[in-house]
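Q: Input file: coords12.cif. Contents: mmCIF, C-alpha atoms and all ligand atoms.
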```cif
data_input
loop_
_atom_site.label_atom_id
_atom_site.label_comp_id
_atom_site.auth_asym_id
_atom_site.auth_seq_id
_atom_site.Cartn_x
_atom_site.Cartn_y
_atom_site.Cartn_z
CA MET I 1 164.84 151.09 197.85
CA LEU I 2 164.89 149.03 194.68
CA LEU I 3 161.80 150.42 192.94
CA SER I 4 159.77 153.59 193.52
CA LEU I 5 156.83 155.00 191.64
CA ARG I 6 155.79 158.58 192.30
CA ASN I 7 152.39 159.67 191.06
CA ALA I 8 152.82 157.37 188.10
CA SER I 9 149.93 157.17 185.65
CA LEU I 10 149.59 155.46 182.33
CA THR I 11 146.99 156.27 179.74
CA TYR I 12 146.76 154.17 176.59
CA PRO I 13 146.00 156.50 173.73
CA SER I 14 143.39 154.65 171.67
CA GLU I 15 140.15 156.04 170.15
CA VAL I 16 138.75 155.82 173.65
CA ALA I 17 141.73 156.59 175.88
CA VAL I 18 142.04 154.11 178.75
CA THR I 19 143.75 155.17 181.95
CA ALA I 20 145.22 151.88 183.14
CA LEU I 21 147.16 153.30 186.13
CA ARG I 22 146.25 156.31 188.21
CA GLU I 23 148.78 158.22 190.30
CA VAL I 24 150.45 155.17 191.77
CA ASN I 25 152.84 155.68 194.67
CA LEU I 26 154.74 152.57 195.55
CA ASP I 27 158.04 151.64 197.20
CA ILE I 28 159.48 148.16 196.88
CA ASN I 29 162.53 147.02 198.78
CA ARG I 30 165.10 144.52 197.66
CA GLY I 31 164.18 141.01 198.78
CA GLU I 32 160.43 141.49 198.90
CA MET I 33 157.97 138.92 197.57
CA ILE I 34 154.76 140.59 196.53
CA ALA I 35 151.44 139.39 195.16
CA LEU I 36 149.62 141.79 192.87
CA VAL I 37 145.93 140.96 192.65
CA GLY I 38 142.95 142.58 190.97
CA ALA I 39 140.14 141.87 188.55
CA SER I 40 140.79 141.31 184.86
CA GLY I 41 141.51 144.68 183.24
CA SER I 42 142.43 146.38 186.53
CA GLY I 43 146.00 147.18 185.40
CA LYS I 44 148.22 144.37 186.70
CA SER I 45 150.08 143.66 183.45
CA THR I 46 150.44 147.38 182.82
CA LEU I 47 152.02 147.90 186.23
CA LEU I 48 154.44 145.00 185.64
CA ALA I 49 155.35 146.46 182.24
CA ILE I 50 156.26 149.77 183.89
CA LEU I 51 158.22 148.13 186.72
CA GLY I 52 160.02 146.03 184.10
CA LEU I 53 160.97 149.09 182.03
CA LEU I 54 158.93 147.89 179.05
CA LYS I 55 156.62 150.90 179.19
CA ARG I 56 157.12 154.38 180.53
CA PRO I 57 154.54 156.12 182.69
CA SER I 58 152.73 158.84 180.76
CA ASP I 59 152.89 160.92 183.96
CA GLY I 60 154.89 160.76 187.16
CA GLU I 61 158.28 159.18 187.80
CA TYR I 62 159.75 155.72 188.13
CA TYR I 63 163.01 155.26 190.04
CA PHE I 64 164.90 152.01 189.44
CA ASP I 65 167.56 151.37 192.05
CA GLY I 66 167.42 155.03 193.07
CA ARG I 67 167.82 156.40 189.53
CA PRO I 68 165.04 158.22 187.71
CA THR I 69 164.29 156.32 184.51
CA ARG I 70 162.58 159.06 182.53
CA HIS I 71 165.72 160.13 180.71
CA LEU I 72 167.23 156.72 180.06
CA SER I 73 167.69 155.86 176.41
CA GLU I 74 166.16 152.76 174.85
CA GLY I 75 169.65 151.18 174.89
CA GLU I 76 170.09 151.86 178.61
CA LEU I 77 166.63 150.47 179.37
CA CYS I 78 167.42 147.39 177.33
CA HIS I 79 170.69 146.88 179.20
CA LEU I 80 168.91 147.07 182.57
CA ARG I 81 166.18 144.70 181.42
CA ASN I 82 168.73 142.19 180.17
CA ARG I 83 170.95 142.29 183.22
CA ARG I 84 168.57 142.80 186.07
CA ILE I 85 165.08 141.65 185.23
CA GLY I 86 163.52 138.26 184.54
CA PHE I 87 160.09 138.33 182.95
CA ILE I 88 157.56 135.57 183.07
CA PHE I 89 154.90 136.79 180.68
CA GLN I 90 151.22 136.01 180.51
CA HIS I 91 151.83 135.01 176.88
CA HIS I 92 155.07 133.13 176.97
CA LEU I 93 156.50 133.97 173.54
CA LEU I 94 158.78 130.99 173.06
CA LEU I 95 160.43 130.38 169.72
CA PRO I 96 158.36 127.44 168.41
CA GLU I 97 161.06 125.84 166.25
CA LEU I 98 163.69 125.76 168.97
CA THR I 99 163.82 123.09 171.65
CA ALA I 100 162.95 123.74 175.27
CA LEU I 101 166.65 123.75 176.13
CA GLU I 102 167.53 126.14 173.30
CA ASN I 103 164.74 128.55 174.24
CA VAL I 104 166.13 128.77 177.76
CA ALA I 105 169.82 128.94 176.81
CA LEU I 106 169.58 131.25 173.80
CA ASN I 107 169.74 134.67 175.40
CA GLN I 108 172.75 133.72 177.51
CA ILE I 109 174.64 132.91 174.36
CA LEU I 110 173.41 135.87 172.31
CA THR I 111 174.45 138.28 175.04
CA GLY I 112 177.83 136.55 175.43
CA ARG I 113 177.21 135.81 179.09
CA ASP I 114 177.82 132.08 178.84
CA SER I 115 179.43 129.55 176.57
CA TRP I 116 177.07 127.18 174.77
CA LYS I 117 178.15 124.40 177.10
CA ASN I 118 177.55 126.36 180.33
CA ALA I 119 174.26 127.77 179.11
CA ARG I 120 173.02 124.29 178.16
CA GLU I 121 174.01 122.91 181.55
CA LYS I 122 172.27 125.70 183.42
CA ALA I 123 169.19 125.41 181.22
CA ALA I 124 169.00 121.64 181.74
CA LYS I 125 169.25 122.09 185.50
CA LEU I 126 166.49 124.69 185.64
CA LEU I 127 164.20 122.73 183.34
CA SER I 128 164.72 119.58 185.40
CA ALA I 129 163.86 121.46 188.60
CA LEU I 130 160.61 122.41 186.88
CA GLY I 131 159.82 118.79 186.02
CA LEU I 132 160.80 118.96 182.34
CA GLU I 133 163.84 116.66 182.36
CA ASN I 134 162.15 114.50 179.69
CA ARG I 135 161.30 117.42 177.43
CA LEU I 136 164.68 119.16 177.01
CA ASP I 137 165.00 118.37 173.30
CA HIS I 138 161.36 118.77 172.32
CA HIS I 139 160.45 121.71 170.12
CA ALA I 140 158.51 124.38 171.96
CA ARG I 141 155.60 123.93 169.54
CA GLN I 142 155.30 120.29 170.65
CA LEU I 143 154.83 121.21 174.31
CA SER I 144 151.58 121.66 176.20
CA GLY I 145 150.59 125.13 177.47
CA GLY I 146 151.78 124.36 180.99
CA GLU I 147 155.06 122.90 179.73
CA GLN I 148 155.67 126.00 177.63
CA GLN I 149 154.97 128.14 180.65
CA ARG I 150 157.59 126.28 182.66
CA VAL I 151 160.12 126.74 179.85
CA ALA I 152 159.36 130.47 180.03
CA VAL I 153 160.01 130.39 183.77
CA ALA I 154 163.38 128.72 183.26
CA ARG I 155 164.22 131.29 180.57
CA ALA I 156 163.41 134.12 182.98
CA LEU I 157 165.63 132.70 185.71
CA ILE I 158 168.71 131.65 183.75
CA ASN I 159 170.54 134.97 183.89
CA ASN I 160 170.05 135.18 187.63
CA PRO I 161 168.03 138.40 187.59
CA ASP I 162 167.54 140.24 190.88
CA LEU I 163 164.03 141.38 189.93
CA ILE I 164 161.54 138.77 188.79
CA LEU I 165 158.24 139.92 187.33
CA ALA I 166 155.71 137.17 186.81
CA ASP I 167 152.35 137.65 185.15
CA GLU I 168 149.98 134.88 186.20
CA PRO I 169 152.77 132.31 186.22
CA THR I 170 150.53 129.49 187.46
CA GLY I 171 147.70 130.33 185.05
CA ASN I 172 148.20 127.20 182.89
CA LEU I 173 149.59 124.87 185.51
CA ASP I 174 147.99 121.96 187.35
CA SER I 175 148.31 121.85 191.10
CA GLU I 176 151.47 119.70 191.13
CA ASN I 177 153.31 122.04 188.78
CA SER I 178 152.00 125.14 190.55
CA ARG I 179 153.44 123.69 193.71
CA ARG I 180 156.80 123.12 191.99
CA LEU I 181 156.91 126.68 190.69
CA LEU I 182 155.94 128.16 194.04
CA ALA I 183 158.68 126.09 195.67
CA ILE I 184 161.17 127.66 193.24
CA PHE I 185 159.88 131.16 193.99
CA ARG I 186 160.07 130.48 197.69
CA SER I 187 163.62 129.18 197.47
CA LEU I 188 164.64 132.34 195.57
CA PHE I 189 162.87 134.46 198.16
CA GLY I 190 164.68 132.62 200.94
CA LYS I 191 168.02 133.72 199.46
CA GLY I 192 167.12 137.32 200.20
CA ASP I 193 168.49 139.28 197.24
CA TYR I 194 165.71 138.47 194.80
CA THR I 195 162.69 140.68 194.51
CA LEU I 196 159.62 138.91 193.19
CA ILE I 197 156.41 140.54 192.03
CA ILE I 198 153.71 138.13 190.97
CA ALA I 199 150.45 139.19 189.34
CA THR I 200 147.97 136.46 190.08
CA HIS I 201 144.35 135.42 190.35
CA SER I 202 145.36 132.48 192.54
CA GLN I 203 144.68 132.56 196.27
CA GLN I 204 147.32 129.87 196.71
CA VAL I 205 149.98 132.17 195.23
CA ALA I 206 148.76 135.29 197.04
CA ARG I 207 148.86 133.46 200.37
CA ILE I 208 152.57 132.67 200.21
CA CYS I 209 153.56 136.29 199.51
CA PRO I 210 154.28 138.40 202.58
CA ARG I 211 153.08 141.57 200.86
CA LEU I 212 149.81 142.04 199.01
CA LEU I 213 149.04 144.84 196.57
CA VAL I 214 145.50 145.16 195.34
CA ILE I 215 144.74 147.06 192.16
CA ARG I 216 141.28 148.34 191.33
CA ASP I 217 140.67 150.24 188.15
CA GLY I 218 144.30 151.43 188.04
CA VAL I 219 144.49 152.45 191.70
CA VAL I 220 146.96 150.46 193.80
CA SER I 221 146.47 149.92 197.50
CA ASP I 222 148.77 148.12 199.87
CA GLU I 223 146.68 145.64 201.82
CA SER I 224 149.48 143.85 203.63
CA GLN I 225 148.70 145.42 206.98
CA PRO I 226 144.95 144.69 207.10
CA ARG I 227 145.71 141.15 205.95
CA LEU I 228 148.31 140.61 208.65
CA ALA I 229 145.91 142.05 211.23
CA LEU I 230 143.24 139.65 209.99
CA ALA I 231 145.63 136.69 210.19
CA ARG I 232 146.57 137.66 213.75
CA ALA I 233 142.96 138.08 214.78
CA SER I 234 142.05 134.63 213.52
CA ALA I 235 145.18 132.96 214.96
N1 LIG Q 1 147.74 148.34 174.33
C1 LIG Q 1 146.60 148.79 174.90
N2 LIG Q 1 145.85 149.76 174.32
C2 LIG Q 1 144.72 150.22 174.89
N3 LIG Q 1 144.25 149.78 176.09
C3 LIG Q 1 144.95 148.82 176.72
C4 LIG Q 1 146.16 148.26 176.17
N4 LIG Q 1 146.63 147.31 177.02
C5 LIG Q 1 145.76 147.28 178.05
N5 LIG Q 1 144.75 148.18 177.88
C6 LIG Q 1 143.64 148.45 178.82
O1 LIG Q 1 144.20 148.84 180.06
C7 LIG Q 1 143.49 148.24 181.15
C8 LIG Q 1 144.47 147.45 182.02
O2 LIG Q 1 144.95 146.35 181.26
P1 LIG Q 1 145.95 145.27 181.88
O3 LIG Q 1 146.36 144.39 180.77
O4 LIG Q 1 147.00 145.96 182.64
O5 LIG Q 1 144.96 144.50 182.91
P2 LIG Q 1 145.22 143.20 183.80
O6 LIG Q 1 144.88 143.57 185.21
O7 LIG Q 1 146.56 142.66 183.54
O8 LIG Q 1 144.08 142.19 183.28
P3 LIG Q 1 144.12 140.56 183.15
O9 LIG Q 1 143.89 140.02 184.55
O10 LIG Q 1 142.93 140.30 182.26
O11 LIG Q 1 145.42 140.15 182.55
C9 LIG Q 1 142.39 147.40 180.53
O12 LIG Q 1 141.20 148.13 180.62
C10 LIG Q 1 142.83 147.20 179.10
O13 LIG Q 1 141.72 147.10 178.24
MG MG Q 2 147.23 140.88 182.64
#
```
Could you write out this structure as structure tokens?

A:
Amino acid sequence: MLLSLRNASLTYPSEVAVTALREVNLDINRGEMIALVGASGSGKSTLLAILGLLKRPSDGEYYFDGRPTRHLSEGELCHLRNRRIGFIFQHHLLLPELTALENVALNQILTGRDSWKNAREKAAKLLSALGLENRLDHHARQLSGGEQQRVAVARALINNPDLILADEPTGNLDSENSRRLLAIFRSLFGKGDYTLIIATHSQQVARICPRLLVIRDGVVSDESQPRLALARASA
């Protein structure tokens, strides 16, 4: 089992405390491709933040690769995030004054994982696969929303993470670029060792994922079985 949540809850302590996740029990195997759907405010981004070790549950336990995470230090969490997890955020947080290529390559160089030359080559390859071969040297601030989103996708994939967490990755993309991105996800999925969890409002994205998690007001239910039954019934 790659990821397990046991009775995990998260309450945001604001003036009016909001319980964004309620006693979630969830097991995710290596190699799964999962769509996470639910209304705005239902808790999708919060769940991804917990699975990505960006937030800790306020109650319950999260096991990453069989290890409880409660007692890990910030440094250990950071190490795991850097080595194992690729995030595609809802807000893509690129560095506006760097080029597309530099945004993608930067972390590889800062963490000493690649030489400048290798990192640039890998970044150029990923960006080209996402249809940005003519934008490599443009500053991030000069790119459209959808172009920036694709740069963020390339940045998430460059260190070859085995867990990819994507928060509405096709939110700003037109249908051609959504198709490109889904093709990349699918090709990763086909390789078997990647685990992809995609929060989405898009039916098109949800349809290509073999497993479907639905979240309603912080409660997660696994609706893969009813969906498969429905597909069989209508086949
Ligand atoms: N930092 C925060 N402080 C207080 N409440 C928060 C915070 N972040 C999120 N919430 C609340 O927690 C709930 C879940 O938020 P979350 O961002 O996980 O929803 P979501 O399903 O990702 O929504 P969307 O589809 O709009 O992105 C919401 O009611 C939200 O208002
Ligand atoms: Mg969200």

Q: Just need the box for ligand LIG 1 (chain Q), edges along x, y and z, holding every atom the file lists for it with 6 Å tacked onto each side, so centre and edge lengths in Å to one decimal, as JSON.

A:
```
{"center_x": 144.5, "center_y": 145.1, "center_z": 179.8, "size_x": 18.5, "size_y": 22.2, "size_z": 22.9}
```

Q: Considering only C-alpha atoms and all ligand atoms, give me a table of residues in chain I that are at most 9 Å from ligand MG 2 (chain Q), with the closest atom pair and distance in Å for each, as CSV.

A:
```
residue,atom,partner,partner_atom,distance
I:Ser40,CA,Q:MG2,MG,6.8
I:Gly41,CA,Q:MG2,MG,6.9
I:Ser42,CA,Q:MG2,MG,8.3
I:Gly43,CA,Q:MG2,MG,7.0
I:Lys44,CA,Q:MG2,MG,5.4
I:Ser45,CA,Q:MG2,MG,4.1
I:Thr46,CA,Q:MG2,MG,7.3
I:Leu48,CA,Q:MG2,MG,8.8
I:Phe89,CA,Q:MG2,MG,8.9
I:Gln90,CA,Q:MG2,MG,6.6
I:Asp167,CA,Q:MG2,MG,6.6
I:Glu168,CA,Q:MG2,MG,7.5
I:Ala199,CA,Q:MG2,MG,7.6
I:Thr200,CA,Q:MG2,MG,8.7
```

Q: Kindly export the residues of the current selection with C-alpha atoms, as an mmCIF file, in the frame of the given file.

A:
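To be explicit, this is the file written out as part.cif:
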```cif
data_model
loop_
_atom_site.group_PDB
_atom_site.id
_atom_site.type_symbol
_atom_site.label_atom_id
_atom_site.label_comp_id
_atom_site.auth_asym_id
_atom_site.auth_seq_id
_atom_site.Cartn_x
_atom_site.Cartn_y
_atom_site.Cartn_z
ATOM 1 C CA SER I 40 140.790 141.310 184.860
ATOM 2 C CA GLY I 41 141.510 144.680 183.240
ATOM 3 C CA SER I 42 142.430 146.380 186.530
ATOM 4 C CA GLY I 43 146.000 147.180 185.400
ATOM 5 C CA LYS I 44 148.220 144.370 186.700
ATOM 6 C CA SER I 45 150.080 143.660 183.450
ATOM 7 C CA THR I 46 150.440 147.380 182.820
ATOM 8 C CA LEU I 48 154.440 145.000 185.640
ATOM 9 C CA PHE I 89 154.900 136.790 180.680
ATOM 10 C CA GLN I 90 151.220 136.010 180.510
ATOM 11 C CA ASP I 167 152.350 137.650 185.150
ATOM 12 C CA GLU I 168 149.980 134.880 186.200
ATOM 13 C CA ALA I 199 150.450 139.190 189.340
ATOM 14 C CA THR I 200 147.970 136.460 190.080
#
```

Q: For a quick check of understanding, using only C-alpha atoms and all ligand atoms, which of I:His79, I:Arg30, I:Arg67, I:Arg216 has the smallest distance to ligand LIG 1 (chain Q)?

A: I:Arg216

Q: Taking all atoms listed in the file into account, list the residues no farther than 12 Å from ligand LIG 1 (chain Q), as a PyMOL selection string.

A: chain I and resi 9-22+36-50+55+89-91+166-169+171+198-202+214-220

Q: Please compute the CA of Leu182 in chain I-CA of Ala156 in chain I distance, one decimal, in Å.

A: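 Straight-line distance from CA of Leu182 in chain I to CA of Ala156 in chain I works out to 14.6 Å.
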
Q: Which is closest to Asp162 in chain I among I:Leu5, I:Leu126, I:Cys78, I:Met33, if we use only C-alpha atoms?

A: I:Met33

Q: Write out as a ChimeraX atom specification each polymer residue whose atoms come within 10 Å of Arg81 in chain I, counting only C-alpha atoms; drop sequence neighbours fewer than 2 positions from it.

A: /I:52-54,75-79,83-87,161,163

Q: For range 92-99 of chain I, find every residue with an atom within 8 Å (counting only C-alpha atoms), except residues of its own chain fewer than 6 positions away, and show them as a list in words.

A: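 Returned residues: Leu136, Asp137, His138, His139, Ala140, Arg141, Gln148, Gln149 and Ala152 of chain I.
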
Q: Calculate how many Å separate CA of Glu32 in chain I from CA of Thr195 in chain I, rounding to one decimal.

A: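 Distance between the two atoms: 5.0 Å.
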
Q: Could you state the separation of CA of Phe189 in chain I and CA of Ile208 in chain I in Å, given to one decimal place?

A: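 Between these atoms lies a distance of 10.7 Å.
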
Q: Please provide as a list in words all residues within 9 Å of Gly146 in chain I, with the sequence filter that same-chain residues fewer than 2 positions apart are discarded (counting all atoms listed in the file).

A: Leu143, Ser144, Gln148, Gln149, Arg150, Val151, Thr170, Gly171, Asn172, Leu173, Asp174 and Asn177 of chain I

Q: Out of I:Pro57, I:Ala119, I:Val205, I:Leu51, which residue has the shortest atom-to-atom distance to Ser175 in chain I when counting all atoms listed in the file?

A: I:Val205

Q: Have a look at I:Asn25, I:Asn134, I:Asn160, I:Gln203 and name the one nearest to Ser178 in chain I; count all atoms listed in the file.

A: I:Gln203

Q: So which one's closest to Ala154 in chain I, I:Ala100, I:Asn7, I:Ala206, I:Glu223? Using only C-alpha atoms, please.

A: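 Checking each candidate against Ala154 in chain I, we get I:Ala100 as the closest.
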
Q: Between I:Glu102, I:Arg180, I:Asn159, I:Ser4, which has the minimum distance to Asp65 in chain I (counting only C-alpha atoms)?

A: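 Under the stated criterion, the closest residue is I:Ser4.
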